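> Mind looking over this structure? Questions follow.
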Amino acid sequence: RKGRSQRIVFISTCAILLLVFYFALRDNDVNEFTDVKAKHIEKKRENVVEDDYASLFKPALSRPADIDPRGPGEGGSAVRLLNLSPEVSKQQEDSIQTYAVNQFVSERISLHRRLQDPRHEMCKSRRPFDYRSLPTTSVVIAFYNEGWSTLIRTVFSVLHNSPDALLTEIILVDDYSDKVYLKDKLADFLKALARVRLVRTTKREGLVRARLLGASLAKGEVLTFLDCHCECVEGWLEPLLERIMEDESVIVVPVIDTIDWNTFEYYYGGHEPQIGGFDWRLTFQWHTIPDHERKRRKSPVDPIRSPTMAGGLFAVSKRYFTRIGTYDAGMEIWGGENLELSFRTWMCGGKLETIPCSHVGHVFPKQSPYPRPKFLTNTLRAAEVWMDDYKRHFYIRNPPASKENYGDISARKDLRNSLQCHDFKWYLDNVYPDLHVPEDRPGYYGAFRNSGMSSFCLDYAPPQHNPTGGRVSIFGCHGQGGNQFFEYTSKREVRFNSEKEMCMSAVEDDTITMLDCVPDQRDSPASQEWVHSHDGTIQSVMNDKCLHASMSKDGKPELLLKTCDPGSRFQQWYWKH
Ligand code: UD2
Ligand code: MN
């Protein structure tokens with residue numbers, strides 16, 4: 001009897017303890033970005049002398065006192081130089097030629113300019129951070145042949161907008177630039193700035209190994225990587241460090257705002273930042289926050305889980321970065337490293353988050369300022385190590401990829417094994433469920449070639465300024481995938497999945513466009529449903545008309561919807577991969 005009631009007491013105590021544990025842990029999760037930490041911070045602050053405390057808020061370097069608040073570009077405003085003489089105008093054009101950004105304009109803007117503060121009110125009004133409880137950081141900036149003013153403005157903007165107590169150093173890594181002003185003048189110029197170090201690679205290493213060199217010298221607890229043409233917004237650093245303090249396995253990304261390459265105007269995209277994704281050519285894509293993530297978050301300033309990162313701007317605990325294998329040092333020059341790090345982080349137990357309260361501007365250049373020959377090889381390394389059988393969809397969309405030699409990846413595969421990472425299917429299911437995974441059924445994807453005009457293929461060029469879609473046309477077949485790659489699914493959609501996932505749609509006026517895919521055709525007038533018959537015709541279920549290729553009167557190739565005529569070779573289409 002006694003034994004039995006003791007056992008009951010014991011079991012119910014255990015049950016209660018378990019419940020308490022469960023709720024304690026669950027609560028923690030719910031409170032991810034709310035009060036738990038703040039309480040702890042306030043407690044620590046009680047025994048600090050007020051004066052002492054105020055000094056912690058000092059920036060690493062104050063702005064010079066004589067800056068004209070109405071000077072060109074101040075507050076992030078646009079600078080347009082009007083009525084230039086032909087000679088001066090030519091100088092401006094030359095600077096754009098050389099740097100792919102308007103350095104001529106940049107040189108007319110203060111190296112210390114202040115940006116407007118785009119942050120959500122909740123970011124500005126929250127209680128101050130306790131700088132002594134946050135980790136310190138080394139900011140690592142690799143550069144190659146960067147213009148003087150954009151590079152130096154990046155350095156000053158870090159110094160002016162980072163708390164003295166948190167910024168251990170800035171490490172500039174010159175990736176073997178050949179510009180004279182960088183080789184001869186930069187070191188001297190930086191001598192005046194305490195805390196800024198300059199190191200140089202002994203050959204052109206590419207951004208991955210250049211960043212790794214910087215990281216290897218860093219003394220701060222957190223590594224914060226920036227591109228060499230950035231401007232930080234007040235308060236950019238603290239929320240990044242705070243999140244890492246809460247959870248060391250999170251890699252955090254600030255909201256990346258655009259600085260115009262021509263006018264240096266600073267834009268911010270509103271309070272709902274975009275997050276990172278990719279398409280099946282493995283090019284990085286920006287996305288709006290998906291519904292499931294919107295529901296998960298409690299407040300507009302909560303971190304946003306992101307499947308991928310753009311690559312240039314992020315902070316990570318140095319210890320954690322090392323633990324998950326830093327970067328793939330076999331990657332050259334530019335590209336691919338951002339997806340590799342993103343896949344690895346999520347698949348090996350970490351997280352990737354965009355922090356809405358942290359804003360940094362980045363100059364997106366007019367075009368690439370230097371050749372990027374290794375994008376495909378780097379991307380292949382990422383795909384081969386992390387994507388399992390899903391890499392097939394990438395190869396199908398990049399015909400040149402299968403001929404490319406991506407070198408030795410055995411060390412990276414060993415890393416994946418030793419970290420016991422999830423597989424790529426887990427990543428797609430859990431981290432990026434909104435990404436359409438192609439079916440790629442043999443014989444139903446690739447270029448869609450017309451029989452009557454046999455050198456012409458279905459072609460879709462996503463319009464730059466019209467994200468809702470545009471006309472589908474025909475164009476000379478080029479065999480490179482890209483705008484001529486389509487997939488015919490078992491739901492009878494003709495899908496285009498480069499850049500943005502879209503479906504070929506019949507429109508009332510007999511034109512053909514690309515629109516967002518409708519999840520269920522039965523809910524709509526079947527404008528996205530196409531029957532591809534053995535006779536080669538492609539018939540719209542909406543209006544029973546067939547895709548027809550022709551030459552217009554003025555000699556332009558045209559794609560039309562016409563009454564079906566299975567005998568006409570201009571209505572016969574076949575897939576070619
Ligand atoms: C984006 C990223 C960039 C990087 C790249 C993919 C942002 C804002 N930018 O392109 O950081 O992830 O995608 O690889 O997310 N650099 C070198 N050595 C080189 C080439 C570049 O040090 O051989 C430096 C370069 O000066 C710059 C940084 O690496 O500071 C990134 O290069 P980028 O600015 O040309 O790349 P971006 O912004 O077009
Ligand atoms: Mn950049």
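Residues are referred to by chain and number: the chain letter is A, B, ... according to the order shown in the structure tokens, the number counts from 1 in that chain, and ligands are numbered separately from 1 in the order shown.
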Within 9 Å of ligand 1, counting only C-alpha atoms and all ligand atoms: which residues, as a PyMOL selection string?
chain A and resi 141-146+151+173-177+204-211+225-230+256-257+284+309-314+332-339+361-365+367-372+375
> Report the residues of region 92-176 of chain A whose backbone DSSP state falls under alpha helix (DSSP H), written as a PyMOL selection string.
chain A and resi 92-99+103-106+121-125+148-161
> Under the rule that only C-alpha atoms and all ligand atoms are counted, which of A:Val158, A:Val252, A:Ile259, A:Ala383 is the nearest residue to ligand 2?
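Closest candidate: A:Ile259.
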> Choose the residue, out of A:Ser110, A:Thr154, A:Gln6, A:Thr489, that has the smallest atom-to-atom separation from ligand 2; count only C-alpha atoms and all ligand atoms.
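Going through A:Ser110, A:Thr154, A:Gln6, A:Thr489 one by one, the smallest distance to ligand 2 is for A:Thr154.
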> Compile the contact shell of Pro163 (chain A) as a compact mmCIF listing (two decimals) with C-alpha atoms, in the first residue's frame: residues with an atom at most 7 Å away, counting only C-alpha atoms, same-chain residues fewer than 2 positions apart removed.

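What ended up in around.txt:
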# COMPACT_ATOMS: atom_id res chain seq x y z
CA PHE A 57 26.82 55.17 -25.42
CA LYS A 58 29.62 57.12 -27.07
CA PRO A 59 30.24 56.25 -30.71
CA ALA A 60 33.62 54.79 -31.60
CA ASN A 161 27.39 54.61 -35.80
CA ALA A 165 32.13 49.77 -26.12
CA LEU A 166 31.17 47.24 -28.76
CA LEU A 167 33.48 47.88 -31.68
> Skipping near chain neighbours, those fewer than 6 positions away, what residues fall within 7 Å of Asn102 (chain A) using only C-alpha atoms, listed as a list in words?
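What passes the distance filter is Gln92, Ser95, Ile96, Trp261 and Asn262 of chain A.
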> Selection from above, all heavy atoms, as a CSV table (one decimal), in the first residue's frame, can you write it?

chain,number,residue,atom,x,y,z
A,92,GLN,N,32.7,62.8,-65.1
A,92,GLN,CA,31.6,62.1,-64.4
A,92,GLN,C,31.4,60.7,-65.1
A,92,GLN,O,31.4,59.7,-64.5
A,92,GLN,CB,30.4,62.9,-64.3
A,92,GLN,CG,29.2,62.1,-63.7
A,92,GLN,CD,28.0,63.0,-63.4
A,92,GLN,OE1,27.7,63.3,-62.3
A,92,GLN,NE2,27.3,63.4,-64.5
A,95,SER,N,34.1,58.2,-64.5
A,95,SER,CA,34.1,57.6,-63.2
A,95,SER,C,33.0,56.5,-63.2
A,95,SER,O,33.3,55.4,-62.5
A,95,SER,CB,33.8,58.6,-62.1
A,95,SER,OG,32.4,58.9,-61.9
A,96,ILE,N,32.0,56.7,-63.9
A,96,ILE,CA,30.9,55.6,-64.0
A,96,ILE,C,31.5,54.4,-64.8
A,96,ILE,O,31.3,53.3,-64.4
A,96,ILE,CB,29.6,56.2,-64.6
A,96,ILE,CG1,29.1,57.3,-63.7
A,96,ILE,CG2,28.6,55.0,-64.8
A,96,ILE,CD1,27.9,58.0,-64.3
A,261,TRP,N,23.3,54.1,-57.3
A,261,TRP,CA,24.7,54.2,-57.8
A,261,TRP,C,25.0,55.5,-58.5
A,261,TRP,O,26.1,55.9,-58.6
A,261,TRP,CB,25.0,53.1,-58.8
A,261,TRP,CG,24.1,53.1,-60.0
A,261,TRP,CD1,23.0,52.4,-60.2
A,261,TRP,CD2,24.4,53.8,-61.2
A,261,TRP,NE1,22.5,52.7,-61.4
A,261,TRP,CE2,23.3,53.6,-62.1
A,261,TRP,CE3,25.4,54.7,-61.6
A,261,TRP,CZ2,23.2,54.2,-63.3
A,261,TRP,CZ3,25.3,55.3,-62.9
A,261,TRP,CH2,24.2,55.0,-63.7
A,262,ASN,N,23.9,56.3,-58.9
A,262,ASN,CA,24.1,57.5,-59.6
A,262,ASN,C,24.0,58.7,-58.8
A,262,ASN,O,24.8,59.6,-58.9
A,262,ASN,CB,23.1,57.5,-60.8
A,262,ASN,CG,23.5,58.5,-61.9
A,262,ASN,OD1,24.6,58.9,-62.0
A,262,ASN,ND2,22.5,58.9,-62.6
> Of the residues A:Ala315, A:Cys421, A:Val360, A:Leu237, which is the one nearest to ligand 2, using only C-alpha atoms and all ligand atoms?
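Of the candidates, the smallest distance to ligand 2 is held by A:Val360.
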> For Val233 (chain A), work out the shell of residues within 12 Å, counting only C-alpha atoms and skipping chain neighbours fewer than 3 positions away, then give it as a PyMOL selection string.
chain A and resi 75-76+112-119+124+154+156-162+230+236-238+254-257+266-268+357-362
